[in-house]
Amino acid sequence: MNNIQYVAPQSIDEAVAAMAAANGTGRVLAGGTDLLIQMRAGVVSPGIIVDVKKIVEMTTIDETSGGYRIGAAVSGAVIGEHARLKKAWPGVVEAINLIGSKQIQGRASAGGNLCNASPAADSVPALVAAGAIVTVQGPKGRRDVPVEKIHAGPGRTTLQPGEIVVSFTLPARPAGSSDAYLRLIPRTEMDIAVVGCGVSLTIQNGTCTAARVGLGAVAPTVLLVEDAAKALAGSRLDDKALEAAAAACRAACKPINDKRGTIAYRTKIAGVLLKRAAGIAAERAGRK
Amino acid sequence: MEVPSSSADRRITGSDITRRELIGTAVVTGGALVGGPLLPGFIPEAAAQAGTPPGTLDLALRVNGTDHHLTLDPRTTLLDALREHLHLTGSKKGCGLGQCGACTVLMDGKRMKACLSLAALVEGREITTIEGLVRGEQLHPLQAAFIERDAFQCGYCTPGQIMAGVACINEGHAGSPEEIRDWMSGNLCRCGAYDNIVAAIQDAARAIGSGRGG
Ligand SMILES: Cc1cc2nc3c(=O)[nH]c(=O)nc-3n(C[C@H](O)[C@H](O)[C@H](O)COP(=O)(O)OP(=O)(O)OC[C@H]3O[C@@H](n4cnc5c(N)ncnc54)[C@H](O)[C@@H]3O)c2cc1C
Ligand code: FES
Ligand code: FES
């Protein structure tokens, strides 16, 4: 602790090497909007701070044969300005853009939002619904992981010591696809989600042919709700299918009671948000 | 714009830690709680045992067009560097948590919360604080508009509001009161001077002639 270091490597290999050399005391710094607050509160005290904002692969967005690769440290503001990404994945972009205020948006990243591992992290349910694949690099090399496998509990991830999240890959998908993210908060912004719900779906000839649902703030980790997706897929998104999907969301909830919402309230809201988010995603998918 | 590559790996040497940081540092050492009262002058246990003070970092900050060479604890936020080391106390610390916007400054013309950035992260960047807006005796149009519109009461949020407002106008987000309210929503005013703040930004945007598309 009495020899704290700050490094700003230019490549992922160097960043991984710096983390390995730190022997478990290294901390990745992206936007710092979680990390700096935790450092000042004394919750974390890194021996070495590895600033990843100088690494090109982590700070750029690429189009990859119909899909997108988003660097883990790209700020929300940059993501929000990417018109094509916004058109292809409006739900993912709106979820990331919900994080904090305009000034926070200038710094906060999706990688930081994921790795901070808050069950209420806004971008994560949308990324889960999107079927995002996370590319991780560590001392043992690279691996690709579905985003829903990263959270292990509040503040905990399945990342191995020294591993860094490099980027998110959003898959290519057929025409007639879109997504949406909704969260409930008591204020209009700058608050922690009581419930967050991401829905991604594909509609062909009026029938929902594929769906994914992510739920946040209702369990120790962000959830992929497969039963809700099953209820939507194959349906015409009629009231019966929507209610079945909402019921699946309610069944998946294992929320906490706190000042922002009781267990009963959060559970009920999860179903309400599912219906509304599915409606918005369907409308967007139809408009294309 | 890039931090010089010499910053890619820097050992920290020497000592220049403020009392506030020392107290902050004393709470946790190597992740474990260190006992003892958090009194001024209380020394972290590990540091006392090792006989070496916590490390520091040499860096150059460019603030309001002037280069400053500082030796800082690497954990020093930009806000503390400005206020406590450069004595530019115009930028205020409201929450220190990124919530209130009182510490808003410009980095290469873009607004940021100085309490949420380490000083080390902005080396080589052009930082503008409220002290850097005035041109000789000539107030920035937004400063003048704040006075004209009486856009403050206690004034604590004002430097942050003005810096965010300058960015809001430059970004072309000052087209309507609704747009201004949305793009200024990261700045809180405990006194509730919002109506006058919005009016001042509208006035200044008109005066600067870039209410849209800036
Ligand atoms: C005022 C305010 C409002 C906020 N509002 C919201 C909100 O509405 N919704 C919300 O979800 N969050 C909110 N947050 C929390 C925070 O802004 C987000 O979680 C943000 O996305 C974090 O990103 P960052 O780049 O700043 O992360 P950092 O603070 O840089 O990092 C966060 C954590 O992840 C680790 N990390 C970062 N990047 C990587 C990587 N690539 N690989 C491995 N580990 C990594 C860091 O070591 C650290 O532990 C808010 C924060 C503030 C201060
Ligand atoms: S002091 Fe920085 S946002 Fe409140
Ligand atoms: S004028 Fe007092 S907080 Fe805004």
# chains A, B, ... in the order shown; residues from 1 in each chain; ligands from 1
$ select_by_dssp --residues "region 12-176 of chain A" --states "strand (DSSP E or B)" --output "VMD selection string"
chain A and resid 26 to 29 48 to 51 61 to 64 67 to 71 75 109 133 to 138 141 to 146 151 to 153 156 to 157 164 to 170
$ residues_near_ligand --ligand "ligand 1" --cutoff "6 Å" --atoms "only C-alpha atoms and all ligand atoms" --output "VMD selection string"
(chain A and resid 27 to 35 72 to 73 98 to 100 107 to 113 115 to 116 121 to 122 164 to 166 190 to 192) or (chain B and resid 97 to 99)
$ closest_residue --among "B:Leu139, B:Leu188, B:Met107, B:Ile201" --to "ligand 2" --atoms "only C-alpha atoms and all ligand atoms"
B:Leu188
$ residues_around --residues "Ala282 (chain A)" --least-positions-apart "4" --cutoff "9 Å" --atoms "only C-alpha atoms" --output "list in words"
Gly176, Ser177, Ser178, Asp179, Ala180, Ser200, Leu201, Thr202, Ile203, Cys208, Leu237, Ala277, Ala278, Gly286 and Arg287 of chain A
$ write_last_selection --atoms "C-alpha atoms" --output "PDB file, in the first residue's frame"
ATOM      1  CA  GLY A 176     -37.108  -7.316 -37.989  1.00  0.00           C
ATOM      2  CA  SER A 177     -35.023  -7.403 -34.808  1.00  0.00           C
ATOM      3  CA  SER A 178     -34.741  -4.780 -32.105  1.00  0.00           C
ATOM      4  CA  ASP A 179     -34.394  -4.303 -28.368  1.00  0.00           C
ATOM      5  CA  ALA A 180     -35.393  -2.061 -25.474  1.00  0.00           C
ATOM      6  CA  SER A 200     -34.358  -8.233 -27.438  1.00  0.00           C
ATOM      7  CA  LEU A 201     -36.530  -9.886 -30.080  1.00  0.00           C
ATOM      8  CA  THR A 202     -36.972 -10.709 -33.747  1.00  0.00           C
ATOM      9  CA  ILE A 203     -40.358 -10.462 -35.465  1.00  0.00           C
ATOM     10  CA  CYS A 208     -41.831 -13.393 -32.601  1.00  0.00           C
ATOM     11  CA  LEU A 237     -46.849 -11.098 -28.695  1.00  0.00           C
ATOM     12  CA  ALA A 277     -40.075  -3.301 -22.832  1.00  0.00           C
ATOM     13  CA  ALA A 278     -41.310  -6.111 -25.100  1.00  0.00           C
ATOM     14  CA  GLY A 286     -41.639  -3.422 -36.864  1.00  0.00           C
ATOM     15  CA  ARG A 287     -40.583   0.081 -37.790  1.00  0.00           C
TER      16      ARG A 287
END
$ residues_near_ligand --ligand "ligand 2" --cutoff "6 Å" --atoms "only C-alpha atoms and all ligand atoms" --output "list of chain:residue names"
B:Lys93, B:Gly94, B:Cys95, B:Gly96, B:Leu97, B:Gly98, B:Gln99, B:Cys100, B:Gly101, B:Ala102, B:Cys103, B:Lys113, B:Ala114, B:Cys115
$ write_last_selection --atoms "N, CA and C atoms" --output "PDB file, in the first residue's frame"
ATOM      1  N   LYS B  93     -16.346  21.510  -4.034  1.00  0.00           N
ATOM      2  CA  LYS B  93     -16.618  20.117  -3.697  1.00  0.00           C
ATOM      3  C   LYS B  93     -17.954  20.062  -2.969  1.00  0.00           C
ATOM      4  N   GLY B  94     -18.979  19.591  -3.675  1.00  0.00           N
ATOM      5  CA  GLY B  94     -20.292  19.480  -3.045  1.00  0.00           C
ATOM      6  C   GLY B  94     -20.439  18.122  -2.400  1.00  0.00           C
ATOM      7  N   CYS B  95     -20.226  17.083  -3.185  1.00  0.00           N
ATOM      8  CA  CYS B  95     -20.451  15.728  -2.683  1.00  0.00           C
ATOM      9  C   CYS B  95     -19.200  14.871  -2.734  1.00  0.00           C
ATOM     10  N   GLY B  96     -18.325  15.156  -3.694  1.00  0.00           N
ATOM     11  CA  GLY B  96     -17.154  14.308  -3.877  1.00  0.00           C
ATOM     12  C   GLY B  96     -17.506  12.944  -4.439  1.00  0.00           C
ATOM     13  N   LEU B  97     -18.745  12.781  -4.873  1.00  0.00           N
ATOM     14  CA  LEU B  97     -19.236  11.468  -5.311  1.00  0.00           C
ATOM     15  C   LEU B  97     -19.784  11.486  -6.729  1.00  0.00           C
ATOM     16  N   GLY B  98     -19.557  12.569  -7.451  1.00  0.00           N
ATOM     17  CA  GLY B  98     -20.029  12.596  -8.840  1.00  0.00           C
ATOM     18  C   GLY B  98     -21.496  12.912  -9.002  1.00  0.00           C
ATOM     19  N   GLN B  99     -22.150  13.295  -7.927  1.00  0.00           N
ATOM     20  CA  GLN B  99     -23.604  13.457  -8.016  1.00  0.00           C
ATOM     21  C   GLN B  99     -24.067  14.882  -8.251  1.00  0.00           C
ATOM     22  N   CYS B 100     -23.337  15.894  -7.754  1.00  0.00           N
ATOM     23  CA  CYS B 100     -23.917  17.234  -7.687  1.00  0.00           C
ATOM     24  C   CYS B 100     -23.451  18.163  -8.815  1.00  0.00           C
ATOM     25  N   GLY B 101     -22.273  17.939  -9.358  1.00  0.00           N
ATOM     26  CA  GLY B 101     -21.788  18.774 -10.459  1.00  0.00           C
ATOM     27  C   GLY B 101     -21.079  20.046 -10.028  1.00  0.00           C
ATOM     28  N   ALA B 102     -20.947  20.301  -8.727  1.00  0.00           N
ATOM     29  CA  ALA B 102     -20.310  21.544  -8.267  1.00  0.00           C
ATOM     30  C   ALA B 102     -18.850  21.640  -8.714  1.00  0.00           C
ATOM     31  N   CYS B 103     -18.248  20.495  -9.007  1.00  0.00           N
ATOM     32  CA  CYS B 103     -16.823  20.453  -9.343  1.00  0.00           C
ATOM     33  C   CYS B 103     -16.583  20.434 -10.852  1.00  0.00           C
ATOM     34  N   LYS B 113     -16.518  15.890 -14.239  1.00  0.00           N
ATOM     35  CA  LYS B 113     -16.563  16.117 -12.811  1.00  0.00           C
ATOM     36  C   LYS B 113     -15.165  15.890 -12.250  1.00  0.00           C
ATOM     37  N   ALA B 114     -14.579  16.964 -11.729  1.00  0.00           N
ATOM     38  CA  ALA B 114     -13.185  16.883 -11.285  1.00  0.00           C
ATOM     39  C   ALA B 114     -13.026  15.966 -10.085  1.00  0.00           C
ATOM     40  N   CYS B 115     -14.105  15.744  -9.333  1.00  0.00           N
ATOM     41  CA  CYS B 115     -13.992  14.857  -8.169  1.00  0.00           C
ATOM     42  C   CYS B 115     -13.928  13.402  -8.591  1.00  0.00           C
TER      43      CYS B 115
END
$ residues_near_ligand --ligand "ligand 3" --cutoff "7 Å" --atoms "only C-alpha atoms and all ligand atoms" --output "PyMOL selection string"
chain B and resi 152-158+188-193
$ residues_around --residues "region 46-60 of chain A" --least-positions-apart "5" --cutoff "9 Å" --atoms "only C-alpha atoms" --output "mmCIF file with all heavy atoms, in the first residue's frame"
data_model
loop_
_atom_site.group_PDB
_atom_site.id
_atom_site.type_symbol
_atom_site.label_atom_id
_atom_site.label_comp_id
_atom_site.auth_asym_id
_atom_site.auth_seq_id
_atom_site.Cartn_x
_atom_site.Cartn_y
_atom_site.Cartn_z
ATOM 1 N N MET A 1 0.827 -1.198 0.000
ATOM 2 C CA MET A 1 0.000 0.000 0.000
ATOM 3 C C MET A 1 0.859 1.244 0.000
ATOM 4 O O MET A 1 0.504 2.276 -0.526
ATOM 5 C CB MET A 1 -0.889 -0.026 1.248
ATOM 6 C CG MET A 1 -1.849 1.147 1.333
ATOM 7 S SD MET A 1 -3.099 1.110 0.036
ATOM 8 C CE MET A 1 -3.513 2.835 -0.007
ATOM 9 N N ASN A 2 2.022 1.159 0.626
ATOM 10 C CA ASN A 2 2.842 2.368 0.663
ATOM 11 C C ASN A 2 3.676 2.498 -0.601
ATOM 12 O O ASN A 2 4.612 3.250 -0.667
ATOM 13 C CB ASN A 2 3.744 2.390 1.905
ATOM 14 C CG ASN A 2 4.599 1.151 2.001
ATOM 15 O OD1 ASN A 2 4.369 0.197 1.276
ATOM 16 N ND2 ASN A 2 5.564 1.167 2.878
ATOM 17 N N ASN A 3 3.353 1.726 -1.622
ATOM 18 C CA ASN A 3 4.041 1.884 -2.894
ATOM 19 C C ASN A 3 3.015 1.785 -4.005
ATOM 20 O O ASN A 3 3.070 0.887 -4.829
ATOM 21 C CB ASN A 3 5.127 0.821 -3.039
ATOM 22 C CG ASN A 3 6.031 1.117 -4.224
ATOM 23 O OD1 ASN A 3 6.003 2.216 -4.774
ATOM 24 N ND2 ASN A 3 6.803 0.134 -4.619
ATOM 25 N N ILE A 4 2.070 2.693 -4.007
ATOM 26 C CA ILE A 4 1.008 2.645 -5.005
ATOM 27 C C ILE A 4 1.551 3.147 -6.342
ATOM 28 O O ILE A 4 2.324 4.082 -6.405
ATOM 29 C CB ILE A 4 -0.240 3.440 -4.561
ATOM 30 C CG1 ILE A 4 -1.369 3.232 -5.572
ATOM 31 C CG2 ILE A 4 0.065 4.910 -4.405
ATOM 32 C CD1 ILE A 4 -2.701 3.749 -5.081
ATOM 33 N N GLN A 5 1.131 2.443 -7.386
ATOM 34 C CA GLN A 5 1.628 2.753 -8.722
ATOM 35 C C GLN A 5 0.467 3.077 -9.638
ATOM 36 O O GLN A 5 -0.622 2.536 -9.476
ATOM 37 C CB GLN A 5 2.301 1.503 -9.291
ATOM 38 C CG GLN A 5 3.787 1.589 -9.447
ATOM 39 C CD GLN A 5 4.278 0.323 -10.130
ATOM 40 O OE1 GLN A 5 4.146 -0.764 -9.576
ATOM 41 N NE2 GLN A 5 4.822 0.457 -11.311
ATOM 42 N N TYR A 6 0.742 3.922 -10.622
ATOM 43 C CA TYR A 6 -0.252 4.218 -11.651
ATOM 44 C C TYR A 6 0.380 3.897 -12.990
ATOM 45 O O TYR A 6 1.465 4.398 -13.294
ATOM 46 C CB TYR A 6 -0.664 5.691 -11.584
ATOM 47 C CG TYR A 6 -1.394 6.168 -12.820
ATOM 48 C CD1 TYR A 6 -2.725 5.826 -13.030
ATOM 49 C CD2 TYR A 6 -0.745 6.942 -13.779
ATOM 50 C CE1 TYR A 6 -3.385 6.246 -14.165
ATOM 51 C CE2 TYR A 6 -1.400 7.372 -14.917
ATOM 52 C CZ TYR A 6 -2.714 7.024 -15.108
ATOM 53 O OH TYR A 6 -3.377 7.434 -16.229
ATOM 54 N N VAL A 7 -0.237 3.033 -13.791
ATOM 55 C CA VAL A 7 0.300 2.741 -15.117
ATOM 56 C C VAL A 7 -0.793 2.921 -16.160
ATOM 57 O O VAL A 7 -1.965 2.671 -15.890
ATOM 58 C CB VAL A 7 0.902 1.309 -15.224
ATOM 59 C CG1 VAL A 7 2.103 1.156 -14.313
ATOM 60 C CG2 VAL A 7 -0.135 0.252 -14.930
ATOM 61 N N ALA A 8 -0.373 3.380 -17.329
ATOM 62 C CA ALA A 8 -1.331 3.579 -18.423
ATOM 63 C C ALA A 8 -0.773 2.898 -19.667
ATOM 64 O O ALA A 8 -0.232 3.534 -20.558
ATOM 65 C CB ALA A 8 -1.539 5.070 -18.671
ATOM 66 N N PRO A 9 -0.898 1.552 -19.718
ATOM 67 C CA PRO A 9 -0.311 0.811 -20.833
ATOM 68 C C PRO A 9 -1.026 1.109 -22.152
ATOM 69 O O PRO A 9 -2.176 1.534 -22.152
ATOM 70 C CB PRO A 9 -0.506 -0.646 -20.435
ATOM 71 C CG PRO A 9 -1.627 -0.641 -19.456
ATOM 72 C CD PRO A 9 -1.572 0.670 -18.754
ATOM 73 N N GLN A 10 -0.308 0.862 -23.261
ATOM 74 C CA GLN A 10 -0.863 1.118 -24.588
ATOM 75 C C GLN A 10 -1.477 -0.147 -25.196
ATOM 76 O O GLN A 10 -2.145 -0.070 -26.215
ATOM 77 C CB GLN A 10 0.242 1.623 -25.538
ATOM 78 C CG GLN A 10 1.073 2.770 -24.997
ATOM 79 C CD GLN A 10 0.430 4.119 -25.250
ATOM 80 O OE1 GLN A 10 -0.378 4.266 -26.152
ATOM 81 N NE2 GLN A 10 0.764 5.106 -24.447
ATOM 82 N N SER A 11 -1.192 -1.316 -24.601
ATOM 83 C CA SER A 11 -1.720 -2.551 -25.179
ATOM 84 C C SER A 11 -2.313 -3.442 -24.083
ATOM 85 O O SER A 11 -1.975 -3.303 -22.899
ATOM 86 C CB SER A 11 -0.612 -3.327 -25.897
ATOM 87 O OG SER A 11 0.245 -3.918 -24.933
ATOM 88 N N ILE A 12 -3.174 -4.373 -24.526
ATOM 89 C CA ILE A 12 -3.802 -5.275 -23.562
ATOM 90 C C ILE A 12 -2.764 -6.206 -22.954
ATOM 91 O O ILE A 12 -2.799 -6.482 -21.756
ATOM 92 C CB ILE A 12 -4.936 -6.062 -24.245
ATOM 93 C CG1 ILE A 12 -6.029 -5.070 -24.633
ATOM 94 C CG2 ILE A 12 -5.498 -7.136 -23.335
ATOM 95 C CD1 ILE A 12 -7.089 -5.611 -25.517
ATOM 96 N N ALA A 15 -1.182 -4.451 -20.221
ATOM 97 C CA ALA A 15 -2.109 -4.291 -19.089
ATOM 98 C C ALA A 15 -2.215 -5.598 -18.305
ATOM 99 O O ALA A 15 -2.193 -5.598 -17.072
ATOM 100 C CB ALA A 15 -3.485 -3.863 -19.593
ATOM 101 N N ALA A 18 0.866 -6.081 -16.309
ATOM 102 C CA ALA A 18 0.882 -5.199 -15.129
ATOM 103 C C ALA A 18 -0.010 -5.770 -14.031
ATOM 104 O O ALA A 18 0.346 -5.749 -12.847
ATOM 105 C CB ALA A 18 0.420 -3.793 -15.505
ATOM 106 N N MET A 19 -1.159 -6.324 -14.437
ATOM 107 C CA MET A 19 -2.063 -6.919 -13.448
ATOM 108 C C MET A 19 -1.412 -8.153 -12.817
ATOM 109 O O MET A 19 -1.528 -8.371 -11.607
ATOM 110 C CB MET A 19 -3.391 -7.312 -14.106
ATOM 111 C CG MET A 19 -4.262 -6.148 -14.515
ATOM 112 S SD MET A 19 -4.994 -5.261 -13.129
ATOM 113 C CE MET A 19 -6.340 -6.356 -12.694
ATOM 114 N N ALA A 22 1.147 -7.318 -10.311
ATOM 115 C CA ALA A 22 0.600 -6.707 -9.097
ATOM 116 C C ALA A 22 0.154 -7.748 -8.075
ATOM 117 O O ALA A 22 -0.195 -7.395 -6.956
ATOM 118 C CB ALA A 22 -0.579 -5.814 -9.458
ATOM 119 N N GLY A 24 -2.500 -9.588 -7.512
ATOM 120 C CA GLY A 24 -3.808 -9.470 -6.862
ATOM 121 C C GLY A 24 -4.115 -8.087 -6.315
ATOM 122 O O GLY A 24 -5.230 -7.835 -5.880
ATOM 123 N N THR A 25 -3.152 -7.159 -6.328
ATOM 124 C CA THR A 25 -3.441 -5.822 -5.806
ATOM 125 C C THR A 25 -3.746 -4.835 -6.936
ATOM 126 O O THR A 25 -3.904 -3.646 -6.699
ATOM 127 C CB THR A 25 -2.274 -5.251 -4.982
ATOM 128 O OG1 THR A 25 -1.183 -4.985 -5.875
ATOM 129 C CG2 THR A 25 -1.827 -6.226 -3.909
ATOM 130 N N GLY A 26 -3.800 -5.351 -8.181
ATOM 131 C CA GLY A 26 -4.068 -4.470 -9.310
ATOM 132 C C GLY A 26 -5.547 -4.197 -9.478
ATOM 133 O O GLY A 26 -6.383 -5.046 -9.180
ATOM 134 N N ARG A 27 -5.871 -3.008 -9.949
ATOM 135 C CA ARG A 27 -7.251 -2.647 -10.266
ATOM 136 C C ARG A 27 -7.282 -1.958 -11.617
ATOM 137 O O ARG A 27 -6.512 -1.025 -11.849
ATOM 138 C CB ARG A 27 -7.800 -1.661 -9.240
ATOM 139 C CG ARG A 27 -8.338 -2.325 -8.010
ATOM 140 C CD ARG A 27 -9.735 -2.873 -8.275
ATOM 141 N NE ARG A 27 -10.214 -3.617 -7.120
ATOM 142 C CZ ARG A 27 -11.482 -3.860 -6.884
ATOM 143 N NH1 ARG A 27 -12.415 -3.455 -7.727
ATOM 144 N NH2 ARG A 27 -11.839 -4.535 -5.826
ATOM 145 N N VAL A 28 -8.173 -2.437 -12.477
ATOM 146 C CA VAL A 28 -8.363 -1.762 -13.755
ATOM 147 C C VAL A 28 -9.130 -0.469 -13.494
ATOM 148 O O VAL A 28 -10.058 -0.434 -12.697
ATOM 149 C CB VAL A 28 -9.169 -2.653 -14.724
ATOM 150 C CG1 VAL A 28 -9.543 -1.889 -15.985
ATOM 151 C CG2 VAL A 28 -8.385 -3.910 -15.060
ATOM 152 N N LEU A 29 -8.699 0.595 -14.157
ATOM 153 C CA LEU A 29 -9.414 1.864 -14.099
ATOM 154 C C LEU A 29 -9.899 2.190 -15.505
ATOM 155 O O LEU A 29 -9.099 2.313 -16.423
ATOM 156 C CB LEU A 29 -8.485 2.978 -13.608
ATOM 157 C CG LEU A 29 -9.117 4.362 -13.602
ATOM 158 C CD1 LEU A 29 -9.667 4.696 -12.233
ATOM 159 C CD2 LEU A 29 -8.135 5.423 -14.011
ATOM 160 N N ALA A 30 -11.225 2.277 -15.656
ATOM 161 C CA ALA A 30 -11.767 2.707 -16.954
ATOM 162 C C ALA A 30 -12.211 4.157 -16.767
ATOM 163 O O ALA A 30 -11.401 5.065 -16.782
ATOM 164 C CB ALA A 30 -12.894 1.781 -17.389
ATOM 165 N N GLY A 31 -13.521 4.384 -16.543
ATOM 166 C CA GLY A 31 -13.975 5.755 -16.295
ATOM 167 C C GLY A 31 -13.734 6.209 -14.869
ATOM 168 O O GLY A 31 -13.700 7.402 -14.584
ATOM 169 N N MET A 39 -12.379 3.953 -3.780
ATOM 170 C CA MET A 39 -11.047 4.224 -3.219
ATOM 171 C C MET A 39 -11.128 5.291 -2.137
ATOM 172 O O MET A 39 -10.499 5.193 -1.089
ATOM 173 C CB MET A 39 -10.090 4.671 -4.324
ATOM 174 C CG MET A 39 -9.528 3.513 -5.129
ATOM 175 S SD MET A 39 -8.678 4.076 -6.631
ATOM 176 C CE MET A 39 -7.354 5.057 -5.937
ATOM 177 N N ARG A 69 -18.446 -4.767 -32.242
ATOM 178 C CA ARG A 69 -17.512 -5.021 -31.137
ATOM 179 C C ARG A 69 -17.331 -3.684 -30.422
ATOM 180 O O ARG A 69 -16.922 -2.703 -31.034
ATOM 181 C CB ARG A 69 -16.176 -5.522 -31.687
ATOM 182 C CG ARG A 69 -15.266 -6.186 -30.667
ATOM 183 C CD ARG A 69 -13.818 -6.212 -31.150
ATOM 184 N NE ARG A 69 -13.337 -4.857 -31.389
ATOM 185 C CZ ARG A 69 -12.878 -4.055 -30.436
ATOM 186 N NH1 ARG A 69 -12.806 -4.448 -29.192
ATOM 187 N NH2 ARG A 69 -12.479 -2.828 -30.745
ATOM 188 N N ILE A 70 -17.698 -3.648 -29.156
ATOM 189 C CA ILE A 70 -17.586 -2.410 -28.381
ATOM 190 C C ILE A 70 -16.482 -2.587 -27.350
ATOM 191 O O ILE A 70 -16.559 -3.479 -26.496
ATOM 192 C CB ILE A 70 -18.911 -2.093 -27.649
ATOM 193 C CG1 ILE A 70 -20.085 -2.049 -28.638
ATOM 194 C CG2 ILE A 70 -18.804 -0.782 -26.888
ATOM 195 C CD1 ILE A 70 -21.443 -1.929 -27.953
ATOM 196 N N GLY A 71 -15.444 -1.760 -27.414
ATOM 197 C CA GLY A 71 -14.370 -1.818 -26.425
ATOM 198 C C GLY A 71 -14.933 -1.611 -25.028
ATOM 199 O O GLY A 71 -15.835 -0.796 -24.830
ATOM 200 N N ALA A 72 -14.395 -2.370 -24.063
ATOM 201 C CA ALA A 72 -14.973 -2.352 -22.709
ATOM 202 C C ALA A 72 -14.864 -0.982 -22.061
ATOM 203 O O ALA A 72 -15.634 -0.661 -21.165
ATOM 204 C CB ALA A 72 -14.266 -3.392 -21.837
ATOM 205 N N ALA A 73 -13.912 -0.148 -22.489
ATOM 206 C CA ALA A 73 -13.707 1.144 -21.820
ATOM 207 C C ALA A 73 -14.281 2.327 -22.603
ATOM 208 O O ALA A 73 -14.068 3.473 -22.230
ATOM 209 C CB ALA A 73 -12.208 1.361 -21.563
ATOM 210 N N VAL A 74 -15.014 2.050 -23.680
ATOM 211 C CA VAL A 74 -15.638 3.146 -24.439
ATOM 212 C C VAL A 74 -16.655 3.839 -23.525
ATOM 213 O O VAL A 74 -17.432 3.175 -22.842
ATOM 214 C CB VAL A 74 -16.370 2.603 -25.687
ATOM 215 C CG1 VAL A 74 -17.066 3.733 -26.441
ATOM 216 C CG2 VAL A 74 -15.396 1.875 -26.612
ATOM 217 N N SER A 75 -16.657 5.169 -23.526
ATOM 218 C CA SER A 75 -17.574 5.891 -22.642
ATOM 219 C C SER A 75 -18.995 5.859 -23.190
ATOM 220 O O SER A 75 -19.224 5.701 -24.391
ATOM 221 C CB SER A 75 -17.127 7.341 -22.472
ATOM 222 O OG SER A 75 -17.369 8.058 -23.668
ATOM 223 N N VAL A 165 -11.629 -7.409 -18.872
ATOM 224 C CA VAL A 165 -12.646 -7.462 -19.931
ATOM 225 C C VAL A 165 -12.181 -6.553 -21.058
ATOM 226 O O VAL A 165 -11.918 -5.363 -20.851
ATOM 227 C CB VAL A 165 -14.024 -7.020 -19.406
ATOM 228 C CG1 VAL A 165 -15.017 -6.875 -20.545
ATOM 229 C CG2 VAL A 165 -14.543 -8.028 -18.385
ATOM 230 N N VAL A 166 -12.040 -7.122 -22.254
ATOM 231 C CA VAL A 166 -11.507 -6.388 -23.399
ATOM 232 C C VAL A 166 -12.632 -5.714 -24.180
ATOM 233 O O VAL A 166 -12.558 -4.527 -24.498
ATOM 234 C CB VAL A 166 -10.729 -7.334 -24.336
ATOM 235 C CG1 VAL A 166 -10.242 -6.602 -25.576
ATOM 236 C CG2 VAL A 166 -9.567 -7.966 -23.581
ATOM 237 N N SER A 167 -13.684 -6.491 -24.494
ATOM 238 C CA SER A 167 -14.743 -5.927 -25.334
ATOM 239 C C SER A 167 -16.012 -6.756 -25.234
ATOM 240 O O SER A 167 -16.015 -7.872 -24.696
ATOM 241 C CB SER A 167 -14.286 -5.847 -26.795
ATOM 242 O OG SER A 167 -14.012 -7.145 -27.276
ATOM 243 N N GLU B 2 -2.442 12.749 -25.887
ATOM 244 C CA GLU B 2 -2.077 11.509 -25.195
ATOM 245 C C GLU B 2 -1.153 11.825 -24.024
ATOM 246 O O GLU B 2 -0.343 12.734 -24.080
ATOM 247 C CB GLU B 2 -1.340 10.576 -26.152
ATOM 248 C CG GLU B 2 -2.237 9.953 -27.205
ATOM 249 C CD GLU B 2 -3.239 9.008 -26.592
ATOM 250 O OE1 GLU B 2 -2.801 8.018 -26.012
ATOM 251 O OE2 GLU B 2 -4.449 9.269 -26.666
ATOM 252 N N VAL B 3 -1.312 11.042 -22.995
ATOM 253 C CA VAL B 3 -0.364 11.147 -21.897
ATOM 254 C C VAL B 3 0.984 10.649 -22.418
ATOM 255 O O VAL B 3 1.040 9.643 -23.119
ATOM 256 C CB VAL B 3 -0.843 10.301 -20.699
ATOM 257 C CG1 VAL B 3 0.237 10.194 -19.653
ATOM 258 C CG2 VAL B 3 -2.100 10.905 -20.118
ATOM 259 N N GLY B 30 -3.771 -2.209 2.617
ATOM 260 C CA GLY B 30 -3.719 -3.536 2.000
ATOM 261 C C GLY B 30 -5.040 -4.273 2.129
ATOM 262 O O GLY B 30 -5.083 -5.482 2.222
ATOM 263 N N GLY B 31 -6.133 -3.515 2.167
ATOM 264 C CA GLY B 31 -7.438 -4.152 2.180
ATOM 265 C C GLY B 31 -7.924 -4.499 3.579
ATOM 266 O O GLY B 31 -9.064 -4.833 3.778
ATOM 267 N N LEU B 121 -4.794 11.275 -14.448
ATOM 268 C CA LEU B 121 -5.472 10.894 -15.691
ATOM 269 C C LEU B 121 -5.572 12.041 -16.685
ATOM 270 O O LEU B 121 -5.914 11.816 -17.843
ATOM 271 C CB LEU B 121 -6.894 10.408 -15.395
ATOM 272 C CG LEU B 121 -7.014 9.185 -14.516
ATOM 273 C CD1 LEU B 121 -8.465 8.816 -14.333
ATOM 274 C CD2 LEU B 121 -6.262 8.036 -15.158
#
$ atom_distance --atom1 "CA of Ala175 (chain A)" --atom2 "CA of Pro146 (chain A)"
22.8 Å
$ residues_around --residues "Phe146 (chain B)" --least-positions-apart "5" --cutoff "7 Å" --atoms "only C-alpha atoms" --output "list of chain:residue names"
B:Ala151, B:Ile197, B:Ala200
$ write_last_selection --atoms "N, CA, C and O atoms" --output "compact mmCIF listing (two decimals), in the first residue's frame"
# COMPACT_ATOMS: atom_id res chain seq x y z
N ALA B 151 -28.88 34.30 -11.33
CA ALA B 151 -29.06 32.85 -11.48
C ALA B 151 -28.43 32.06 -10.33
O ALA B 151 -27.93 30.96 -10.52
N ILE B 197 -31.13 29.91 -13.98
CA ILE B 197 -29.96 29.30 -14.62
C ILE B 197 -30.28 29.00 -16.08
O ILE B 197 -29.50 29.31 -16.99
N ALA B 200 -30.37 32.19 -18.03
CA ALA B 200 -29.03 32.74 -18.27
C ALA B 200 -28.34 31.99 -19.40
O ALA B 200 -27.67 32.60 -20.25
